>>> print(open('run_25.cif').read())   # mmCIF, C-alpha atoms
data_entry
loop_
_atom_site.label_atom_id
_atom_site.label_comp_id
_atom_site.auth_asym_id
_atom_site.auth_seq_id
_atom_site.Cartn_x
_atom_site.Cartn_y
_atom_site.Cartn_z
CA MET A 373 167.38 105.19 49.41
CA ASN A 374 169.23 106.49 52.43
CA CYS A 375 168.10 106.07 56.00
CA ASN A 376 166.89 109.66 56.38
CA LYS A 377 164.46 109.30 53.47
CA ILE A 378 163.16 105.98 54.77
CA GLY A 379 162.47 107.47 58.20
CA LEU A 380 160.68 110.48 56.72
CA LEU A 381 158.47 108.26 54.53
CA SER A 382 157.53 106.07 57.50
CA PHE A 383 156.56 109.12 59.55
CA LEU A 384 154.32 110.48 56.76
CA MET A 385 152.53 107.13 56.31
CA LEU A 386 151.88 106.85 60.06
CA ALA A 387 150.41 110.36 60.16
CA VAL A 388 148.07 109.62 57.21
CA PHE A 389 146.74 106.43 58.78
CA SER A 390 146.30 108.15 62.16
CA CYS A 391 144.20 110.92 60.58
CA LYS A 392 141.99 108.42 58.80
CA LYS A 393 141.46 106.53 62.05
CA SER A 394 140.49 109.66 63.97
CA ASP A 395 137.99 110.61 61.26
CA ASP A 396 136.25 107.22 61.44
CA THR A 397 132.85 107.86 63.11
CA THR A 398 131.45 104.33 62.71
CA PRO A 399 129.71 103.46 66.06
CA VAL A 400 131.10 100.60 68.06
CA LYS A 401 128.66 97.73 68.43
CA GLN A 402 127.80 96.88 72.03
CA ASP A 403 126.23 93.80 73.57
CA THR A 404 122.62 94.65 74.38
CA THR A 405 121.59 91.25 75.77
CA ALA A 406 119.53 91.73 78.96
CA VAL A 407 121.11 90.24 82.06
CA ALA A 408 118.59 88.87 84.54
CA PRO A 409 119.24 89.81 88.16
CA PRO A 410 120.25 86.92 90.40
CA PRO A 411 117.32 85.27 92.24
CA VAL A 412 116.64 86.40 95.78
CA VAL A 413 117.63 83.70 98.23
CA VAL A 414 115.39 83.60 101.30
CA SER A 415 116.00 81.07 104.05
CA PHE A 416 113.10 79.43 105.91
CA GLN A 417 113.17 77.01 108.83
CA ASN A 418 112.78 73.39 107.84
CA THR A 419 110.25 70.94 109.25
CA ASN A 420 111.21 67.34 109.96
CA TYR A 421 107.89 65.48 109.99
CA ASN A 422 105.78 63.70 107.41
CA PRO A 423 102.82 66.01 106.66
CA SER A 424 100.78 63.11 105.28
CA SER A 425 100.80 61.09 108.51
CA LEU A 426 99.73 63.53 111.22
CA ASP A 427 97.79 62.48 114.30
CA SER A 428 94.39 63.96 115.14
CA THR A 429 93.88 65.97 118.30
CA ARG A 430 91.09 64.81 120.62
CA LEU A 431 90.80 68.09 122.51
CA PHE A 432 87.72 69.31 120.60
CA ASN A 433 84.31 67.95 119.66
CA ILE A 434 84.23 66.55 116.15
CA ILE A 435 80.65 67.73 115.56
CA PRO A 436 80.33 71.53 115.58
CA ALA A 437 77.42 73.70 116.66
CA VAL A 438 76.34 75.41 113.43
CA ASN A 439 74.18 78.51 113.04
CA ASN A 440 73.19 80.54 110.00
CA LEU A 441 74.11 84.21 109.79
CA ALA A 442 71.12 86.50 110.20
CA ARG A 443 72.51 88.73 107.47
CA THR A 444 71.99 87.19 104.05
CA ASP A 445 73.95 89.85 102.12
CA LEU A 446 77.38 88.60 103.25
CA LEU A 447 78.39 86.23 100.48
CA GLU A 448 82.19 86.39 100.47
CA ILE A 449 83.08 86.06 104.13
CA SER A 450 86.75 85.39 104.60
CA GLY A 451 87.96 85.77 108.21
CA ILE A 452 86.72 85.44 111.78
CA ALA A 453 88.11 86.67 115.11
CA ALA A 454 86.75 86.80 118.67
CA SER A 455 86.55 90.06 120.60
CA ARG A 456 88.64 90.44 123.76
CA VAL A 457 86.58 93.43 124.93
CA ASN A 458 83.00 92.37 124.22
CA PRO A 459 82.22 88.83 125.44
CA GLY A 460 80.76 86.60 122.75
CA ILE A 461 81.23 89.07 119.90
CA LEU A 462 82.84 87.81 116.68
CA TYR A 463 84.28 89.96 113.89
CA ILE A 464 83.90 88.89 110.26
CA HIS A 465 84.35 90.56 106.86
CA ASN A 466 83.96 90.11 103.11
CA ASP A 467 86.89 89.88 100.72
CA SER A 468 87.90 91.61 97.46
CA GLY A 469 85.81 94.33 95.89
CA ASN A 470 83.36 94.62 98.78
CA SER A 471 82.86 97.45 101.25
CA ALA A 472 85.59 98.28 103.74
CA GLN A 473 83.48 97.06 106.63
CA VAL A 474 83.88 94.73 109.58
CA TYR A 475 80.68 93.00 110.70
CA LEU A 476 79.80 92.00 114.24
CA THR A 477 78.05 88.73 115.05
CA ASP A 478 78.14 85.94 117.65
CA ALA A 479 77.96 82.15 117.79
CA SER A 480 74.23 82.28 117.03
CA GLY A 481 74.86 84.26 113.81
CA ALA A 482 72.96 87.35 115.05
CA ASP A 483 73.52 90.77 113.47
CA LYS A 484 75.42 92.73 116.13
CA GLY A 485 76.59 95.67 114.04
CA THR A 486 78.88 97.15 111.38
CA LEU A 487 82.16 99.05 111.55
CA SER A 488 82.83 101.12 108.41
CA MET A 489 86.49 102.00 107.82
CA THR A 490 86.22 105.32 106.02
CA THR A 491 89.91 106.01 105.31
CA VAL A 492 90.95 102.74 103.63
CA GLY A 493 89.60 100.44 100.92
CA ASN A 494 89.08 96.73 100.48
CA ARG A 495 91.45 95.64 97.73
CA ASP A 496 91.30 92.04 98.91
CA TRP A 497 90.71 91.58 102.63
CA GLU A 498 91.40 87.96 103.51
CA ASP A 499 91.69 87.61 107.27
CA ILE A 500 91.16 89.37 110.58
CA ALA A 501 92.75 89.06 114.01
CA VAL A 502 92.44 90.54 117.49
CA GLY A 503 95.46 91.27 119.64
CA PRO A 504 97.47 93.82 121.59
CA GLY A 505 99.04 96.86 119.98
CA PRO A 506 100.78 100.17 120.66
CA ILE A 507 98.79 101.22 123.73
CA ALA A 508 99.18 98.90 126.70
CA GLY A 509 95.92 97.41 127.88
CA THR A 510 94.11 98.21 124.62
CA SER A 511 92.83 95.44 122.36
CA TYR A 512 93.13 96.02 118.60
CA LEU A 513 91.51 94.72 115.45
CA TYR A 514 93.89 93.80 112.62
CA VAL A 515 92.43 93.55 109.09
CA ALA A 516 94.61 91.86 106.46
CA ASP A 517 94.48 93.31 102.94
CA ILE A 518 96.82 90.58 101.70
CA GLY A 519 94.96 88.76 98.92
CA ASP A 520 96.80 88.72 95.59
CA ASN A 521 95.42 86.05 93.25
CA ASP A 522 97.49 87.35 90.33
CA VAL A 523 100.66 87.68 92.43
CA LYS A 524 101.28 91.24 91.26
CA TYR A 525 101.20 93.64 94.21
CA SER A 526 104.50 95.05 95.44
CA SER A 527 103.05 95.65 98.92
CA VAL A 528 100.27 94.38 101.15
CA PHE A 529 98.58 96.16 104.06
CA ILE A 530 97.45 95.48 107.61
CA TYR A 531 94.90 97.91 109.05
CA ARG A 532 94.93 98.27 112.83
CA PHE A 533 92.51 100.10 115.13
CA PRO A 534 91.24 99.73 118.71
CA GLU A 535 88.30 97.46 119.37
CA PRO A 536 85.06 99.31 120.14
CA ASN A 537 83.54 98.86 123.59
CA LEU A 538 79.88 97.95 123.18
CA ALA A 539 78.94 98.36 126.83
CA GLY A 540 75.80 100.50 126.99
CA LYS A 541 75.61 100.82 123.19
CA THR A 542 72.59 100.15 120.99
CA ILE A 543 72.79 96.82 119.18
CA PRO A 544 73.23 96.43 116.24
CA TYR A 545 76.12 98.82 116.81
CA VAL A 546 77.00 101.01 113.81
CA ALA A 547 80.09 103.22 113.70
CA ASN A 548 82.56 104.86 111.33
CA ILE A 549 86.22 104.10 112.03
CA THR A 550 88.36 107.05 110.92
CA ALA A 551 91.60 106.53 112.85
CA VAL A 552 93.38 103.52 111.37
CA ASP A 553 97.07 102.57 111.47
CA VAL A 554 98.22 101.46 108.02
CA ILE A 555 101.06 98.92 108.18
CA GLU A 556 102.57 98.43 104.72
CA LEU A 557 104.49 95.19 104.25
CA LYS A 558 106.62 93.71 101.50
CA TYR A 559 107.74 90.11 101.00
CA PRO A 560 111.51 89.56 100.79
CA ASP A 561 111.14 87.15 97.85
CA GLY A 562 108.55 88.92 95.69
CA PRO A 563 104.75 89.19 95.59
CA ARG A 564 102.57 86.27 96.65
CA ASN A 565 99.00 85.47 97.51
CA ALA A 566 98.03 85.07 101.16
CA GLU A 567 94.85 84.65 103.22
CA THR A 568 96.17 84.00 106.73
CA LEU A 569 96.89 86.62 109.40
CA MET A 570 97.94 85.88 112.97
CA VAL A 571 98.96 88.24 115.77
CA ASP A 572 101.11 86.99 118.65
CA PRO A 573 99.35 88.05 121.86
CA LEU A 574 102.62 88.00 123.81
CA THR A 575 104.99 89.84 121.45
CA LYS A 576 102.56 91.75 119.15
CA ASP A 577 104.38 90.29 116.13
CA ILE A 578 102.32 89.91 112.94
CA TYR A 579 102.46 86.62 111.00
CA ILE A 580 101.29 86.05 107.43
CA ALA A 581 101.04 82.61 105.80
CA SER A 582 100.94 82.39 102.01
CA LYS A 583 98.31 80.52 100.02
CA GLU A 584 100.08 78.27 97.52
CA SER A 585 99.72 74.78 96.13
CA ASN A 586 101.01 72.24 98.67
CA ILE A 587 103.08 74.76 100.65
CA SER A 588 102.58 77.79 102.84
CA LYS A 589 105.42 80.19 103.51
CA VAL A 590 105.14 81.95 106.86
CA TYR A 591 106.57 85.45 107.35
CA VAL A 592 106.72 87.79 110.34
CA ALA A 593 106.71 91.55 110.92
CA ARG A 594 108.22 92.09 114.36
CA TYR A 595 106.74 94.60 116.77
CA PRO A 596 106.83 97.58 116.70
CA GLN A 597 105.59 97.71 113.11
CA ASN A 598 106.42 100.87 111.17
CA ILE A 599 103.41 102.94 110.07
CA ALA A 600 105.52 105.57 108.28
CA SER A 601 107.36 103.39 105.74
CA THR A 602 107.29 99.92 104.20
CA THR A 603 108.53 96.99 106.30
CA VAL A 604 110.13 93.97 104.65
CA LEU A 605 108.77 90.77 106.17
CA SER A 606 111.19 88.19 107.58
CA PRO A 607 110.93 84.50 106.58
CA VAL A 608 109.97 82.06 109.34
CA VAL A 609 109.10 78.57 108.13
CA GLN A 610 107.78 76.73 105.09
CA LEU A 611 104.84 74.48 105.90
CA TYR A 612 103.37 71.71 103.77
CA ILE A 613 99.82 73.06 103.80
CA ASN A 614 97.82 73.19 100.59
CA LYS A 615 96.24 76.63 100.00
CA ALA A 616 95.95 78.01 103.51
CA THR A 617 92.86 80.22 103.94
CA GLY A 618 93.00 81.38 107.57
CA GLY A 619 94.69 81.08 110.94
CA ASP A 620 94.82 82.25 114.52
CA ILE A 621 96.89 82.18 117.70
CA SER A 622 95.11 81.50 120.99
CA PRO A 623 94.71 84.39 123.47
CA ASP A 624 97.38 82.90 125.76
CA GLY A 625 99.84 82.28 122.90
CA SER A 626 100.05 78.52 123.48
CA GLU A 627 98.03 77.23 120.50
CA ILE A 628 97.95 77.84 116.76
CA LEU A 629 95.38 77.02 114.09
CA ILE A 630 95.87 77.22 110.31
CA ARG A 631 93.23 75.95 107.90
CA SER A 632 92.50 75.24 104.26
CA ASN A 633 89.17 74.46 102.62
CA GLN A 634 89.59 70.81 103.61
CA LEU A 635 91.66 70.57 106.80
CA ILE A 636 92.57 72.38 110.01
CA TRP A 637 96.08 72.08 111.46
CA TYR A 638 96.57 72.50 115.21
CA TRP A 639 99.71 73.19 117.26
CA LYS A 640 99.87 72.88 121.05
CA LEU A 641 103.17 74.51 121.99
CA PRO A 642 105.38 73.37 124.85
CA ALA A 643 105.51 75.91 127.67
CA GLY A 644 107.66 78.91 126.80
CA THR A 645 107.94 78.08 123.09
CA PRO A 646 107.75 81.20 120.88
CA ILE A 647 105.46 81.18 117.86
CA PHE A 648 108.27 81.31 115.30
CA THR A 649 109.81 78.18 116.82
CA GLY A 650 106.51 76.41 117.46
CA LEU A 651 105.39 76.67 113.85
CA ALA A 652 108.25 74.35 112.84
CA LEU A 653 107.04 71.64 115.23
CA GLN A 654 104.76 68.81 114.16
CA PRO A 655 101.08 69.80 114.25
CA GLN A 656 97.98 67.66 114.64
CA ILE A 657 94.79 67.64 112.61
CA ALA A 658 91.89 69.39 114.36
CA PRO A 659 88.24 68.43 113.79
CA TYR A 660 86.56 69.77 110.68
CA ALA A 661 83.10 68.56 109.65
CA ASN A 662 83.52 69.60 106.01
CA ASN A 663 80.15 71.34 106.31
CA GLU A 664 81.16 74.53 104.48
CA PRO A 665 81.02 75.02 100.70
CA GLN A 666 84.18 77.13 100.75
CA GLY A 667 85.65 77.22 104.26
CA GLU A 668 87.71 80.35 104.85
CA GLY A 669 88.21 81.63 108.41
CA VAL A 670 89.21 80.06 111.71
CA GLY A 671 89.59 81.69 115.11
CA PHE A 672 89.89 80.72 118.75
CA ALA A 673 87.16 81.65 121.23
CA ALA A 674 88.32 84.46 123.53
CA ASP A 675 87.78 82.29 126.61
CA GLY A 676 89.64 79.29 125.18
CA SER A 677 86.47 77.18 125.02
CA GLY A 678 86.98 76.13 121.38
CA TYR A 679 87.30 77.58 117.90
CA TYR A 680 85.08 79.01 115.18
CA THR A 681 85.04 78.60 111.42
CA ASN A 682 83.11 80.36 108.66
CA THR A 683 82.58 80.09 104.92
CA GLU A 684 82.17 81.97 101.67
CA ILE A 685 78.99 81.11 99.75
CA LYS A 686 79.26 83.16 96.56
CA GLY A 687 78.90 80.78 93.63
CA TYR A 688 77.08 78.17 95.70
CA PRO A 689 73.35 78.67 95.02
CA GLY A 690 71.10 77.70 97.90
CA LYS A 691 73.89 77.68 100.48
CA LEU A 692 73.74 79.87 103.59
CA ALA A 693 76.58 81.62 105.39
CA THR A 694 77.22 79.92 108.73
CA VAL A 695 79.27 80.13 111.89
CA SER A 696 80.52 76.78 113.21
CA PHE A 697 81.86 76.25 116.74
CA TYR A 698 84.04 73.32 117.81
CA LYS A 699 83.83 73.12 121.59
CA ARG A 700 86.80 72.08 123.67
CA LYS A 701 86.08 68.91 125.63
#
>>> encode(input="run_25.cif", output="C-alpha cells")
Amino acid sequence: MNCNKIGLLSFLMLAVFSCKKSDDTTPVKQDTTAVAPPPVVVSFQNTNYNPSSLDSTRLFNIIPAVNNLARTDLLEISGIAASRVNPGILYIHNDSGNSAQVYLTDASGADKGTLSMTTVGNRDWEDIAVGPGPIAGTSYLYVADIGDNDVKYSSVFIYRFPEPNLAGKTIPYVANITAVDVIELKYPDGPRNAETLMVDPLTKDIYIASKESNISKVYVARYPQNIASTTVLSPVVQLYINKATGGDISPDGSEILIRSNQLIWYWKLPAGTPIFTGLALQPQIAPYANNEPQGEGVGFAADGSGYYTNTEIKGYPGKLATVSFYKRK
C-alpha cells in the first residue's frame, strides 16, 4: 500500500473516532463531598493567674442585709441595676417568656413601679445595666436580650432608653416605654449563651460575658453602637468563670463585679486602667452568703456604698424572691 493510501485511511479513522466522541453525552462524574468552612479564629487576651487560688476582698461585709420583694409574682428575676437618677431605686426584670417589663424596687424590696416596653419583646432577657448614652448628661437603662440556652440565635439585642425621673410622680410609678434604641449584636465566633451585661460609664462601651462551663468569654461593642445595622462584637478576654450569670461596672469605672450562682468575682482597677485591660488582671473573691436558691444578678449601689444581688425562685417551692445588699466597710 502506498503512502497516499495510508495517509487517507488514517485521516478517515481519526474522523470516525472524533464523531463518536462528540456524540458521547455521558455526564462527567463530579466530586460532591461537602467541604466544611475553616473555623473562625478569634483572639482573646490571656490571663496569667491561677483562678483556683484567688484572695478574698475585705472591702465589704460578709453578711448581707436581706429583704423579701413585696411582689410575689416575680419568679424568674435575672438582673439588677441601681438608678443614677432616682436615689435608692433598683431596676429588676424577669427572663425568657415573660412580659417585656422592667420593675422598680429598692433595698427594702418595696414595689416602686413598672416600665412596660411596648415596642420590643422578651425573648430571653438576662441582665440590666444603667449608664450613659447618646445624649450627654442623660442616664440610660440597658436591657440585655442575650440568653440563648440552645446556642442558636444569629443575633442578640440590647434595648436602650432614658431612665425615667420619678420626682413628683405617684409611686408605684407605671409607664409605657415606646421609644427604645435597638442595638443588634453578633458574636464573631458564632452563637453563644450569655447572661452578663456591663456598660462602661466612662466610654459607653457595652460588654457581654458568655455563660459557659468553666469559662466566660468577654466581648465588647464600642461606642457609638449602631442602631441601624448589626454590629459584630470584638473579643476582649477569656475568663475562668463557671457559668457567669451577671455583672456590673461601678459608677466611677474603677471596679467590676461578675458572678455565678456560687461565687462573685471582684476587680479593683489601678487608676487609669481601662475596663478591657482591667478584666485580664487578677480578681478577688467578693462576699457571697449563698443565701439564694438560684443567684442571678449583681449590681453596684449608685453611691458606691456596696453591691446588690438577687435570685430566681421558679422551681424552688417555698422560696421567696429577695434583694441582698453587701455594704462597703
>>> resolve_selection(input="run_25.cif", expression="the PyMOL selection byres ((chain A and resi 589-603) around 6)", output="list in words")
Val554, Ile555, Glu556, Leu557, Lys576, Asp577, Ile578, Tyr579, Ile580, Ala581, Ser582, Ser588, Val604, Leu605, Ser606, Pro607, Val608, Val609 and Gln610 of chain A
>>> closest_atom_pairs(input="run_25.cif", of="segment 398-471 of chain A", to="segment 516-538 of chain A", cutoff="10 Å", atoms="all atoms listed in the file", output="tab-separated table")
residue	atom	partner	partner_atom	distance
A:Gly451	CA	A:Ala516	CA	9.2
A:Ser455	CA	A:Glu535	CA	7.7
A:Arg456	CA	A:Glu535	CA	8.3
A:Val457	CA	A:Asn537	CA	6.4
A:Asn458	CA	A:Leu538	CA	6.5
A:Pro459	CA	A:Leu538	CA	9.7
A:Ile461	CA	A:Leu538	CA	9.6
A:Asp467	CA	A:Gly519	CA	8.3
A:Ser468	CA	A:Gly519	CA	7.8
>>> atom_distance(input="run_25.cif", atom1="atom CA of Ile685 of chain A", atom2="atom CA of Gln634 of chain A")
15.3 Å
>>> closest_residue(input="run_25.cif", among="A:Gln656, A:Pro573, A:Glu567, A:Tyr475", to="Lys615 of chain A", atoms="all atoms listed in the file")
A:Glu567
>>> resolve_selection(input="run_25.cif", expression="the PyMOL selection byres ((chain A and resi 640) around 10)", output="MDAnalysis selection string")
chainID A and resid 429 622 625:629 638:639 641:643 645 650:651 653:656
>>> closest_residue(input="run_25.cif", among="A:Val492, A:Ala674, A:Met570, A:Ile613", to="Asp553 of chain A", atoms="all atoms listed in the file")
A:Val492
>>> closest_residue(input="run_25.cif", among="A:Tyr612, A:Gly669, A:Leu692, A:Thr617", to="Ser424 of chain A", atoms="all atoms listed in the file")
A:Tyr612
>>> resolve_selection(input="run_25.cif", expression="the PyMOL selection byres ((chain A and resi 486-488) around 8)", output="JSON, numbers by chain")
{"A": [472, 473, 474, 475, 476, 484, 485, 489, 490, 544, 545, 546, 547, 548, 549]}
>>> atom_distance(input="run_25.cif", atom1="atom CA of Ser696 of chain A", atom2="atom CA of Ile500 of chain A")
16.7 Å
>>> atom_distance(input="run_25.cif", atom1="atom CA of Lys691 of chain A", atom2="atom CA of Ala437 of chain A")
17.0 Å
>>> closest_residue(input="run_25.cif", among="A:Asp624, A:Glu664, A:Glu684, A:Asp496", to="Thr444 of chain A", atoms="all atoms listed in the file")
A:Glu684
>>> closest_residue(input="run_25.cif", among="A:Ala479, A:Ala454, A:Gly562, A:Ile657", to="Ser425 of chain A", atoms="only C-alpha atoms")
A:Ile657
>>> closest_residue(input="run_25.cif", among="A:Ser585, A:Asp445, A:Val414, A:Asp572", to="Pro623 of chain A", atoms="all atoms listed in the file")
A:Asp572
>>> axis_aligned_box(input="run_25.cif", around="segment 607-617 of chain A", padding_each_side="3 Å", output="JSON")
{"center_x": 101.9, "center_y": 78.1, "center_z": 104.7, "size_x": 24.1, "size_y": 18.8, "size_z": 15.3}
